[in-house]
>>> print(open('data.cif').read())   # mmCIF, C-alpha atoms
data_input
#
loop_
_atom_site.label_atom_id
_atom_site.label_comp_id
_atom_site.auth_asym_id
_atom_site.auth_seq_id
_atom_site.Cartn_x
_atom_site.Cartn_y
_atom_site.Cartn_z
CA MET A 80 87.34 125.45 127.91
CA LEU A 81 85.43 127.04 125.00
CA ASN A 82 87.35 130.30 125.45
CA ARG A 83 90.61 128.35 125.28
CA ILE A 84 89.55 126.61 122.08
CA LEU A 85 88.60 129.91 120.43
CA ALA A 86 91.86 131.50 121.56
CA ILE A 87 93.88 128.72 119.95
CA ALA A 88 91.80 129.08 116.79
CA GLY A 89 92.66 132.76 116.69
CA LEU A 90 96.37 132.04 117.16
CA VAL A 91 96.41 129.55 114.28
CA CYS A 92 94.58 131.97 111.97
CA ALA A 93 96.87 134.87 112.85
CA THR A 94 99.95 132.76 112.22
CA ALA A 95 98.58 131.55 108.89
CA THR A 96 97.91 135.12 107.79
CA ALA A 97 101.42 136.19 108.72
CA GLN A 98 102.91 133.42 106.59
CA THR A 99 100.94 133.94 103.37
CA SER A 100 103.80 135.87 101.76
CA VAL A 101 106.49 133.53 100.44
CA PRO A 102 109.68 135.52 99.62
CA ASN A 103 111.30 132.70 97.64
CA PRO A 104 108.91 130.15 96.10
CA LEU A 105 111.77 127.90 94.88
CA PRO A 106 114.34 127.80 97.69
CA GLY A 107 115.70 124.42 96.63
CA THR A 108 117.16 125.88 93.47
CA LYS A 109 119.70 127.79 95.57
CA LEU A 110 120.96 124.80 97.59
CA ASN A 111 123.96 122.59 96.87
CA ILE A 112 123.79 118.78 96.91
CA ASP A 113 124.90 118.44 100.54
CA GLN A 114 122.24 120.91 101.63
CA LEU A 115 119.58 119.06 99.64
CA LYS A 116 120.63 115.76 101.21
CA GLU A 117 120.43 117.32 104.65
CA GLN A 118 116.88 118.43 103.97
CA MET A 119 115.81 115.21 102.29
CA PHE A 120 117.13 112.88 104.95
CA ARG A 121 116.31 114.90 108.08
CA ILE A 122 113.40 112.47 108.52
CA SER A 123 113.49 109.44 106.22
CA ALA A 124 112.83 105.73 105.91
CA GLY A 125 115.13 103.23 107.54
CA ARG A 126 114.76 99.49 107.78
CA ARG A 127 111.59 98.12 106.27
CA LEU A 128 109.79 96.28 109.05
CA LYS A 129 108.12 93.53 107.08
CA PRO A 130 107.93 90.30 109.07
CA LYS A 131 108.23 86.92 107.38
CA SER A 132 104.71 86.10 108.49
CA TRP A 133 101.83 87.62 110.41
CA PRO A 134 100.14 86.14 113.53
CA GLY A 135 98.55 82.77 112.98
CA GLY A 136 100.21 82.41 109.61
CA ALA A 137 98.16 85.24 108.09
CA LYS A 138 99.26 86.45 104.66
CA VAL A 139 98.39 90.11 105.15
CA ALA A 140 97.81 92.61 107.95
CA VAL A 141 94.93 95.09 107.63
CA ALA A 142 94.92 98.13 109.90
CA LEU A 143 91.74 100.20 109.55
CA SER A 144 91.95 103.69 111.02
CA PHE A 145 89.59 106.61 111.51
CA ASP A 146 90.63 110.20 112.15
CA VAL A 147 87.82 111.59 114.28
CA ASP A 148 88.35 115.22 113.29
CA ASN A 149 84.69 116.22 113.26
CA ALA A 150 84.55 120.03 113.55
CA THR A 151 88.03 120.57 115.00
CA THR A 152 89.63 121.54 111.69
CA SER A 153 87.08 124.32 111.25
CA LEU A 154 87.40 125.43 114.88
CA ALA A 155 91.20 125.54 114.68
CA ARG A 156 91.05 127.78 111.63
CA GLY A 157 88.30 130.01 112.91
CA GLN A 158 85.85 128.84 110.26
CA LEU A 159 82.80 129.19 112.46
CA GLY A 160 80.00 129.08 109.90
CA ALA A 161 77.09 126.86 110.84
CA ASN A 162 77.51 124.91 107.61
CA GLU A 163 81.16 123.98 108.24
CA LEU A 164 80.58 123.12 111.88
CA SER A 165 77.49 121.03 111.16
CA GLN A 166 79.35 119.03 108.50
CA GLY A 167 81.94 118.15 111.11
CA GLU A 168 79.33 117.40 113.74
CA TYR A 169 77.86 114.76 111.45
CA GLY A 170 80.84 112.59 112.35
CA ALA A 171 79.76 112.45 115.98
CA ILE A 172 76.00 112.30 115.42
CA ASP A 173 75.61 109.71 112.64
CA GLY A 174 79.04 108.92 111.17
CA LEU A 175 80.81 107.26 114.09
CA PRO A 176 77.79 105.22 115.27
CA ARG A 177 77.36 103.86 111.73
CA ILE A 178 81.05 102.96 111.52
CA LEU A 179 80.97 101.19 114.87
CA ARG A 180 77.93 99.17 113.78
CA LEU A 181 79.77 98.17 110.61
CA LEU A 182 82.88 97.08 112.51
CA ASP A 183 80.62 95.13 114.88
CA LYS A 184 79.04 93.38 111.90
CA TYR A 185 82.39 91.96 110.84
CA ASP A 186 83.95 91.79 114.33
CA VAL A 187 87.06 93.69 113.26
CA PRO A 188 89.18 96.13 115.28
CA ALA A 189 90.24 99.62 114.27
CA SER A 190 92.34 102.51 115.51
CA PHE A 191 90.68 105.88 116.15
CA PHE A 192 92.93 108.95 116.15
CA ILE A 193 91.13 111.70 118.01
CA PRO A 194 91.89 115.38 118.55
CA ALA A 195 91.31 116.03 122.24
CA VAL A 196 88.76 118.76 121.45
CA SER A 197 86.66 116.24 119.48
CA ASP A 198 86.36 114.19 122.66
CA ILE A 199 85.68 117.24 124.81
CA LEU A 200 82.80 118.33 122.59
CA HIS A 201 81.32 114.84 122.13
CA PRO A 202 82.52 112.62 125.01
CA GLN A 203 80.09 109.82 124.16
CA MET A 204 82.25 108.87 121.18
CA VAL A 205 85.17 107.56 123.22
CA ARG A 206 82.84 105.71 125.56
CA ASP A 207 81.16 104.01 122.58
CA ILE A 208 84.51 103.09 120.99
CA LEU A 209 85.93 101.64 124.20
CA ALA A 210 82.71 99.73 124.96
CA ARG A 211 83.55 97.38 122.07
CA GLY A 212 86.70 96.21 123.83
CA ARG A 213 88.78 95.74 120.68
CA HIS A 214 89.57 99.22 119.34
CA GLU A 215 92.51 101.57 119.94
CA ILE A 216 92.52 105.32 120.53
CA GLY A 217 95.52 107.37 119.44
CA VAL A 218 96.55 111.03 119.60
CA HIS A 219 95.64 113.35 116.72
CA GLY A 220 96.54 116.72 118.18
CA TRP A 221 94.64 119.02 120.50
CA ILE A 222 92.35 120.79 118.01
CA HIS A 223 93.65 119.43 114.69
CA GLU A 224 96.23 122.22 114.70
CA HIS A 225 98.25 122.62 111.48
CA LEU A 226 101.75 122.27 112.87
CA PRO A 227 103.78 123.88 110.03
CA THR A 228 101.52 126.93 110.25
CA LEU A 229 101.74 127.03 114.04
CA ASN A 230 105.54 126.81 113.74
CA ASN A 231 106.07 127.35 117.44
CA GLU A 232 108.06 124.75 119.39
CA ALA A 233 106.78 125.67 122.85
CA GLU A 234 103.16 125.96 121.76
CA GLU A 235 103.30 122.68 119.87
CA ARG A 236 104.79 120.94 122.91
CA ARG A 237 102.06 122.36 125.15
CA LEU A 238 99.29 121.25 122.80
CA LEU A 239 100.76 117.75 122.50
CA HIS A 240 101.13 117.47 126.28
CA ASP A 241 97.55 118.60 126.83
CA ALA A 242 96.22 116.20 124.19
CA ILE A 243 98.04 113.24 125.73
CA GLU A 244 96.95 114.21 129.21
CA HIS A 245 93.31 114.60 128.21
CA LEU A 246 93.05 111.35 126.23
CA THR A 247 94.85 109.44 128.97
CA LYS A 248 92.27 110.64 131.47
CA SER A 249 89.38 110.08 129.08
CA THR A 250 90.36 106.54 128.07
CA GLY A 251 92.12 105.33 131.20
CA LYS A 252 95.22 104.45 129.17
CA ARG A 253 98.09 106.54 127.85
CA PRO A 254 97.93 106.38 124.03
CA VAL A 255 100.91 104.74 122.35
CA GLY A 256 100.18 105.93 118.80
CA TYR A 257 100.43 109.34 117.17
CA ARG A 258 99.10 110.70 113.89
CA ALA A 259 99.88 114.32 113.10
CA PRO A 260 96.87 116.50 112.25
CA SER A 261 96.67 116.72 108.45
CA TRP A 262 99.68 114.33 108.50
CA MET A 263 101.92 117.40 108.64
CA PHE A 264 105.05 117.71 110.79
CA SER A 265 106.68 120.94 111.87
CA PRO A 266 110.47 121.05 112.33
CA TYR A 267 109.83 120.14 115.98
CA THR A 268 107.30 117.30 115.71
CA MET A 269 109.62 114.31 115.38
CA GLN A 270 111.65 115.20 118.46
CA GLN A 271 108.52 115.90 120.47
CA ILE A 272 106.81 112.61 119.72
CA GLN A 273 110.04 110.79 120.51
CA ASP A 274 110.29 112.66 123.82
CA ALA A 275 106.67 111.76 124.55
CA GLY A 276 107.54 108.06 124.26
CA PHE A 277 105.14 107.01 121.52
CA LEU A 278 105.50 103.46 120.22
CA TYR A 279 104.68 104.45 116.66
CA ASP A 280 103.74 107.26 114.30
CA SER A 281 101.29 107.01 111.41
CA SER A 282 101.74 110.21 109.40
CA LEU A 283 104.41 109.53 106.75
CA MET A 284 104.43 107.89 103.33
CA ALA A 285 107.83 106.41 102.41
CA SER A 286 106.74 102.76 102.04
CA ASP A 287 103.79 100.42 101.74
CA ASP A 288 104.99 98.56 104.81
CA ALA A 289 106.04 99.53 108.31
CA TYR A 290 109.53 100.95 108.66
CA GLU A 291 111.87 102.46 111.22
CA ILE A 292 112.17 106.22 110.99
CA LEU A 293 115.64 107.65 110.51
CA VAL A 294 116.41 111.08 111.96
CA ALA A 295 119.40 112.75 110.31
CA GLY A 296 120.30 109.34 108.90
CA LYS A 297 120.33 107.56 112.26
CA PRO A 298 117.80 104.99 113.55
CA SER A 299 115.28 106.60 115.87
CA GLY A 300 113.64 103.48 117.26
CA MET A 301 110.29 104.97 116.19
CA ILE A 302 108.07 102.71 114.11
CA GLU A 303 106.22 104.24 111.16
CA LEU A 304 102.92 102.74 109.99
CA PRO A 305 102.66 104.63 106.71
CA ILE A 306 99.60 106.25 105.20
CA GLU A 307 98.83 107.45 101.67
CA TRP A 308 96.50 110.01 100.11
CA ILE A 309 95.10 107.46 97.66
CA LEU A 310 94.01 105.42 100.69
CA ASP A 311 92.27 108.31 102.41
CA ASP A 312 88.53 108.85 102.11
CA TYR A 313 88.77 112.65 102.35
CA VAL A 314 90.37 113.00 98.93
CA TYR A 315 89.25 109.78 97.32
CA PHE A 316 87.97 106.43 98.49
CA GLY A 317 87.37 103.97 95.70
CA GLY A 318 85.71 101.30 97.81
CA THR A 319 85.69 98.16 95.68
CA VAL A 320 88.13 99.67 93.15
CA ASN A 321 90.98 101.45 94.89
CA GLY A 322 90.69 99.72 98.26
CA GLU A 323 90.31 96.23 96.81
CA ALA A 324 93.28 96.67 94.46
CA GLU A 325 95.51 97.85 97.32
CA PHE A 326 94.34 95.01 99.53
CA ASP A 327 94.88 92.41 96.81
CA GLY A 328 98.39 93.75 96.23
CA ALA A 329 99.22 93.68 99.93
CA TYR A 330 97.81 90.15 100.14
CA GLU A 331 100.01 88.90 97.31
CA GLU A 332 103.11 90.62 98.78
CA GLY A 333 102.44 89.48 102.34
CA GLY A 334 102.44 93.10 103.47
CA LEU A 335 100.51 95.69 105.40
CA LEU A 336 97.47 97.72 104.36
CA VAL A 337 96.62 100.89 106.29
CA LEU A 338 93.39 102.71 105.41
CA THR A 339 92.63 106.20 106.74
CA MET A 340 89.02 107.31 107.02
CA HIS A 341 86.97 110.01 108.72
CA PRO A 342 83.57 109.52 110.39
CA HIS A 343 82.18 112.72 108.85
CA ILE A 344 83.17 111.43 105.39
CA ILE A 345 83.07 107.61 105.30
CA GLY A 346 80.22 107.59 107.82
CA HIS A 347 77.69 108.69 105.20
CA ARG A 348 75.40 105.93 103.98
CA SER A 349 76.80 105.48 100.48
CA ARG A 350 80.41 105.54 101.59
CA ALA A 351 79.76 103.26 104.53
CA ALA A 352 78.23 100.86 102.01
CA ALA A 353 81.47 100.99 99.99
CA LEU A 354 83.48 100.25 103.13
CA ASP A 355 81.10 97.38 103.90
CA ARG A 356 81.81 95.86 100.47
CA LEU A 357 85.54 96.32 100.93
CA ILE A 358 85.62 94.60 104.33
CA ALA A 359 83.46 91.80 102.95
CA HIS A 360 85.99 91.34 100.14
CA MET A 361 88.84 91.19 102.65
CA LYS A 362 86.92 88.74 104.83
CA SER A 363 86.34 86.49 101.81
CA ARG A 364 90.07 85.75 101.58
CA PRO A 365 91.74 83.30 103.97
CA ASP A 366 94.52 84.26 106.36
CA VAL A 367 93.82 87.96 106.85
CA TRP A 368 94.88 89.55 110.14
CA PHE A 369 92.77 92.55 111.12
CA ALA A 370 94.60 94.48 113.82
CA THR A 371 94.87 97.83 115.52
CA HIS A 372 97.86 99.98 114.74
CA GLU A 373 99.22 99.25 118.21
CA GLN A 374 99.02 95.51 117.59
CA VAL A 375 100.80 95.86 114.25
CA ALA A 376 103.52 98.09 115.73
CA ARG A 377 104.19 95.72 118.62
CA TYR A 378 104.29 92.73 116.28
CA VAL A 379 106.75 94.24 113.81
CA ARG A 380 108.91 95.52 116.66
CA GLU A 381 109.22 91.99 118.01
CA HIS A 382 109.51 90.13 114.70
CA ALA A 383 111.14 92.54 112.26
CA MET A 384 113.33 95.01 114.17
#
>>> encode(input="data.cif", output="structure tokens")
Amino acid sequence: MLNRILAIAGLVCATATAQTSVPNPLPGTKLNIDQLKEQMFRISAGRRLKPKSWPGGAKVAVALSFDVDNATTSLARGQLGANELSQGEYGAIDGLPRILRLLDKYDVPASFFIPAVSDILHPQMVRDILARGRHEIGVHGWIHEHLPTLNNEAEERRLLHDAIEHLTKSTGKRPVGYRAPSWMFSPYTMQQIQDAGFLYDSSLMASDDAYEILVAGKPSGMIELPIEWILDDYVYFGGTVNGEAEFDGAYEEGGLLVLTMHPHIIGHRSRAAALDRLIAHMKSRPDVWFATHEQVARYVREHAM
């Protein structure tokens, strides 16, 4: 298994090196309007799936999510320094246990998107997540592969198949949710996740609320639970500033709030404390529905599609 992981890491690095030279840095300047529309709307937002109300009359839906990347990003790229790998390992050793304790404190569910290799290297994580009985596990690639760099339809399909197969065996349930590693699609990703039968994707950014994905302008039936960089702890997590403002806005609009976090980032003491304050703020308001991504997707499919 380790040899396979290292081989994939080498493939990704070799492909990245081969693509460092960009012959035309501004290709869009050469396209006509029809060509630009074709590119823009190859994958785009369709109907906004905002129900009139949330379960139990709740005013807002909150979907907390954690991308359990750990060291897979470094492994995929062949960055094998002890420093990089140990920073990722923190997510499994201290980060995830601290997050699970925090979620236990407030009795709220979350969705955990896990590269299969993260589970292979630290199998206790999935067991601890599932032991709570309220969390969801979704697919986040095989080894956090960067799909546009991989740019290989057959290899991407194989990695997706293997990730689904492994997590199904590990969790006892076929995952229904997908989040692309680094939130990046290749030209082949949309078709492949449709073929795999996922209920929803959570990698795109066209709305605050859930929406149906259009492919070449036609409804795909795939539900998107959108993410955003300003609501990701890797780049910036404002705790009681950014998170509270987004939550308060979603509350007033009767919408959906999706937060993306990483155990090796948000799991540190100071950042976990910020998340604690944010959840406490959310809990202080009446009529808040905390749900997994799967629960949100199934609800909007039934009540808004």
>>> resolve_selection(input="data.cif", expression="the PyMOL selection byres ((chain A and resi 130-132) around 9)", output="list in words")
Leu128, Lys129, Trp133, Pro134, Gly135, Gly136, Ala137, Lys138, Val139, Gly333, Gly334, Tyr378, Val379, His382, Ala383 and Met384 of chain A
>>> residues_around(input="data.cif", residues="stretch 358-374 of chain A", least_positions_apart="2", cutoff="7 Å", atoms="all atoms listed in the file", output="list in words")
Gly136, Ala137, Lys138, Val139, Ala140, Val141, Ala142, Val187, Pro188, Ala189, Ser190, His214, Glu215, Gly256, Leu354, Asp355, Arg356, Ala376, Arg377 and Tyr378 of chain A
>>> axis_aligned_box(input="data.cif", around="stretch 125-137 of chain A", padding_each_side="3 Å", output="lines of an AutoDock Vina configuration file")
center_x = 106.6
center_y = 92.8
center_z = 109.9
size_x = 23.0
size_y = 26.8
size_z = 13.3
>>> resolve_selection(input="data.cif", expression="the PyMOL selection byres ((chain A and resi 353) around 12)", output="list in words")
Ile178, Leu181, Asp312, Phe316, Gly317, Gly318, Thr319, Val320, Asn321, Gly322, Glu323, Ile344, Ile345, Gly346, His347, Arg348, Ser349, Arg350, Ala351, Ala352, Leu354, Asp355, Arg356, Leu357, Ile358, Ala359 and His360 of chain A
>>> residues_around(input="data.cif", residues="A:Leu304", least_positions_apart="6", cutoff="7 Å", atoms="all atoms listed in the file", output="PyMOL selection string")
chain A and resi 280-281+288-290
>>> resolve_selection(input="data.cif", expression="the PyMOL selection byres ((chain A and resi 274) around 12)", output="list in words")
Arg236, Leu239, His240, Tyr267, Thr268, Met269, Gln270, Gln271, Ile272, Gln273, Ala275, Gly276, Phe277, Leu278, Ser299, Gly300 and Met301 of chain A
>>> write_last_selection(input="data.cif", atoms="C-alpha atoms", output="PDB file, in the coordinates of the input")
ATOM      1  CA  ARG A 236     104.790 120.940 122.910  1.00  0.00           C
ATOM      2  CA  LEU A 239     100.760 117.750 122.500  1.00  0.00           C
ATOM      3  CA  HIS A 240     101.130 117.470 126.280  1.00  0.00           C
ATOM      4  CA  TYR A 267     109.830 120.140 115.980  1.00  0.00           C
ATOM      5  CA  THR A 268     107.300 117.300 115.710  1.00  0.00           C
ATOM      6  CA  MET A 269     109.620 114.310 115.380  1.00  0.00           C
ATOM      7  CA  GLN A 270     111.650 115.200 118.460  1.00  0.00           C
ATOM      8  CA  GLN A 271     108.520 115.900 120.470  1.00  0.00           C
ATOM      9  CA  ILE A 272     106.810 112.610 119.720  1.00  0.00           C
ATOM     10  CA  GLN A 273     110.040 110.790 120.510  1.00  0.00           C
ATOM     11  CA  ALA A 275     106.670 111.760 124.550  1.00  0.00           C
ATOM     12  CA  GLY A 276     107.540 108.060 124.260  1.00  0.00           C
ATOM     13  CA  PHE A 277     105.140 107.010 121.520  1.00  0.00           C
ATOM     14  CA  LEU A 278     105.500 103.460 120.220  1.00  0.00           C
ATOM     15  CA  SER A 299     115.280 106.600 115.870  1.00  0.00           C
ATOM     16  CA  GLY A 300     113.640 103.480 117.260  1.00  0.00           C
ATOM     17  CA  MET A 301     110.290 104.970 116.190  1.00  0.00           C
TER      18      MET A 301
END
>>> residues_around(input="data.cif", residues="A:Ser265", least_positions_apart="5", cutoff="10 Å", atoms="only C-alpha atoms", output="list in words")
His225, Leu226, Pro227, Thr228, Leu229, Asn230, Asn231, Glu232, Glu235 and Ala259 of chain A
>>> write_last_selection(input="data.cif", atoms="C-alpha atoms", output="PDB file, keeping the file's coordinate frame")
ATOM      1  CA  HIS A 225      98.250 122.620 111.480  1.00  0.00           C
ATOM      2  CA  LEU A 226     101.750 122.270 112.870  1.00  0.00           C
ATOM      3  CA  PRO A 227     103.780 123.880 110.030  1.00  0.00           C
ATOM      4  CA  THR A 228     101.520 126.930 110.250  1.00  0.00           C
ATOM      5  CA  LEU A 229     101.740 127.030 114.040  1.00  0.00           C
ATOM      6  CA  ASN A 230     105.540 126.810 113.740  1.00  0.00           C
ATOM      7  CA  ASN A 231     106.070 127.350 117.440  1.00  0.00           C
ATOM      8  CA  GLU A 232     108.060 124.750 119.390  1.00  0.00           C
ATOM      9  CA  GLU A 235     103.300 122.680 119.870  1.00  0.00           C
ATOM     10  CA  ALA A 259      99.880 114.320 113.100  1.00  0.00           C
TER      11      ALA A 259
END
>>> residues_around(input="data.cif", residues="stretch 119-122 of chain A", least_positions_apart="5", cutoff="7 Å", atoms="all atoms listed in the file", output="ChimeraX atom specification")
/A:292-296
>>> atom_distance(input="data.cif", atom1="atom CA of A:Asn111", atom2="atom CA of A:Pro266")
20.6 Å
>>> atom_distance(input="data.cif", atom1="atom CA of A:Phe192", atom2="atom CA of A:Gln118")
28.5 Å
>>> atom_distance(input="data.cif", atom1="atom CA of A:Pro104", atom2="atom CA of A:Phe264")
19.6 Å
>>> closest_residue(input="data.cif", among="A:Ile302, A:Leu182, A:Ala195, A:Met284", to="A:Lys248", atoms="all atoms listed in the file")
A:Ala195
>>> residues_around(input="data.cif", residues="A:Val147", least_positions_apart="5", cutoff="8 Å", atoms="only C-alpha atoms", output="PyMOL selection string")
chain A and resi 170+191-194+197+341-343
>>> closest_residue(input="data.cif", among="A:Val375, A:Leu105, A:Leu164, A:Val218", to="A:Asp198", atoms="only C-alpha atoms")
A:Val218
>>> closest_residue(input="data.cif", among="A:Thr108, A:Ser144, A:Asn103, A:Ser123", to="A:Lys297", atoms="only C-alpha atoms")
A:Ser123
>>> build_atoms(input="data.cif", residues="stretch 222-233 of chain A", atoms="N, CA, C and O atoms", output="PDB file, in the frame of the given file")
ATOM      1  N   ILE A 222      93.505 120.262 118.737  1.00  0.00           N
ATOM      2  CA  ILE A 222      92.350 120.790 118.010  1.00  0.00           C
ATOM      3  C   ILE A 222      92.613 120.689 116.505  1.00  0.00           C
ATOM      4  O   ILE A 222      92.225 121.560 115.740  1.00  0.00           O
ATOM      5  N   HIS A 223      93.278 119.612 116.090  1.00  0.00           N
ATOM      6  CA  HIS A 223      93.650 119.430 114.690  1.00  0.00           C
ATOM      7  C   HIS A 223      94.444 120.633 114.191  1.00  0.00           C
ATOM      8  O   HIS A 223      94.245 121.138 113.088  1.00  0.00           O
ATOM      9  N   GLU A 224      95.380 121.081 115.038  1.00  0.00           N
ATOM     10  CA  GLU A 224      96.230 122.220 114.700  1.00  0.00           C
ATOM     11  C   GLU A 224      97.142 121.874 113.519  1.00  0.00           C
ATOM     12  O   GLU A 224      97.625 120.746 113.412  1.00  0.00           O
ATOM     13  N   HIS A 225      97.360 122.823 112.632  1.00  0.00           N
ATOM     14  CA  HIS A 225      98.250 122.620 111.480  1.00  0.00           C
ATOM     15  C   HIS A 225      99.648 123.017 111.927  1.00  0.00           C
ATOM     16  O   HIS A 225      99.981 124.197 112.036  1.00  0.00           O
ATOM     17  N   LEU A 226     100.485 122.028 112.195  1.00  0.00           N
ATOM     18  CA  LEU A 226     101.750 122.270 112.870  1.00  0.00           C
ATOM     19  C   LEU A 226     102.730 123.138 112.080  1.00  0.00           C
ATOM     20  O   LEU A 226     103.403 123.995 112.666  1.00  0.00           O
ATOM     21  N   PRO A 227     102.864 122.975 110.755  1.00  0.00           N
ATOM     22  CA  PRO A 227     103.780 123.880 110.030  1.00  0.00           C
ATOM     23  C   PRO A 227     103.327 125.331 110.099  1.00  0.00           C
ATOM     24  O   PRO A 227     104.162 126.241 110.113  1.00  0.00           O
ATOM     25  N   THR A 228     102.031 125.566 110.132  1.00  0.00           N
ATOM     26  CA  THR A 228     101.520 126.930 110.250  1.00  0.00           C
ATOM     27  C   THR A 228     101.739 127.468 111.662  1.00  0.00           C
ATOM     28  O   THR A 228     102.142 128.621 111.852  1.00  0.00           O
ATOM     29  N   LEU A 229     101.497 126.629 112.651  1.00  0.00           N
ATOM     30  CA  LEU A 229     101.740 127.030 114.040  1.00  0.00           C
ATOM     31  C   LEU A 229     103.203 127.412 114.223  1.00  0.00           C
ATOM     32  O   LEU A 229     103.521 128.470 114.783  1.00  0.00           O
ATOM     33  N   ASN A 230     104.094 126.529 113.791  1.00  0.00           N
ATOM     34  CA  ASN A 230     105.540 126.810 113.740  1.00  0.00           C
ATOM     35  C   ASN A 230     106.053 127.437 115.030  1.00  0.00           C
ATOM     36  O   ASN A 230     106.772 128.434 115.030  1.00  0.00           O
ATOM     37  N   ASN A 231     105.697 126.815 116.138  1.00  0.00           N
ATOM     38  CA  ASN A 231     106.070 127.350 117.440  1.00  0.00           C
ATOM     39  C   ASN A 231     106.376 126.145 118.341  1.00  0.00           C
ATOM     40  O   ASN A 231     105.468 125.410 118.736  1.00  0.00           O
ATOM     41  N   GLU A 232     107.642 125.950 118.664  1.00  0.00           N
ATOM     42  CA  GLU A 232     108.060 124.750 119.390  1.00  0.00           C
ATOM     43  C   GLU A 232     107.376 124.643 120.752  1.00  0.00           C
ATOM     44  O   GLU A 232     106.859 123.577 121.116  1.00  0.00           O
ATOM     45  N   ALA A 233     107.365 125.713 121.512  1.00  0.00           N
ATOM     46  CA  ALA A 233     106.780 125.670 122.850  1.00  0.00           C
ATOM     47  C   ALA A 233     105.284 125.444 122.798  1.00  0.00           C
ATOM     48  O   ALA A 233     104.729 124.655 123.582  1.00  0.00           O
TER      49      ALA A 233
END
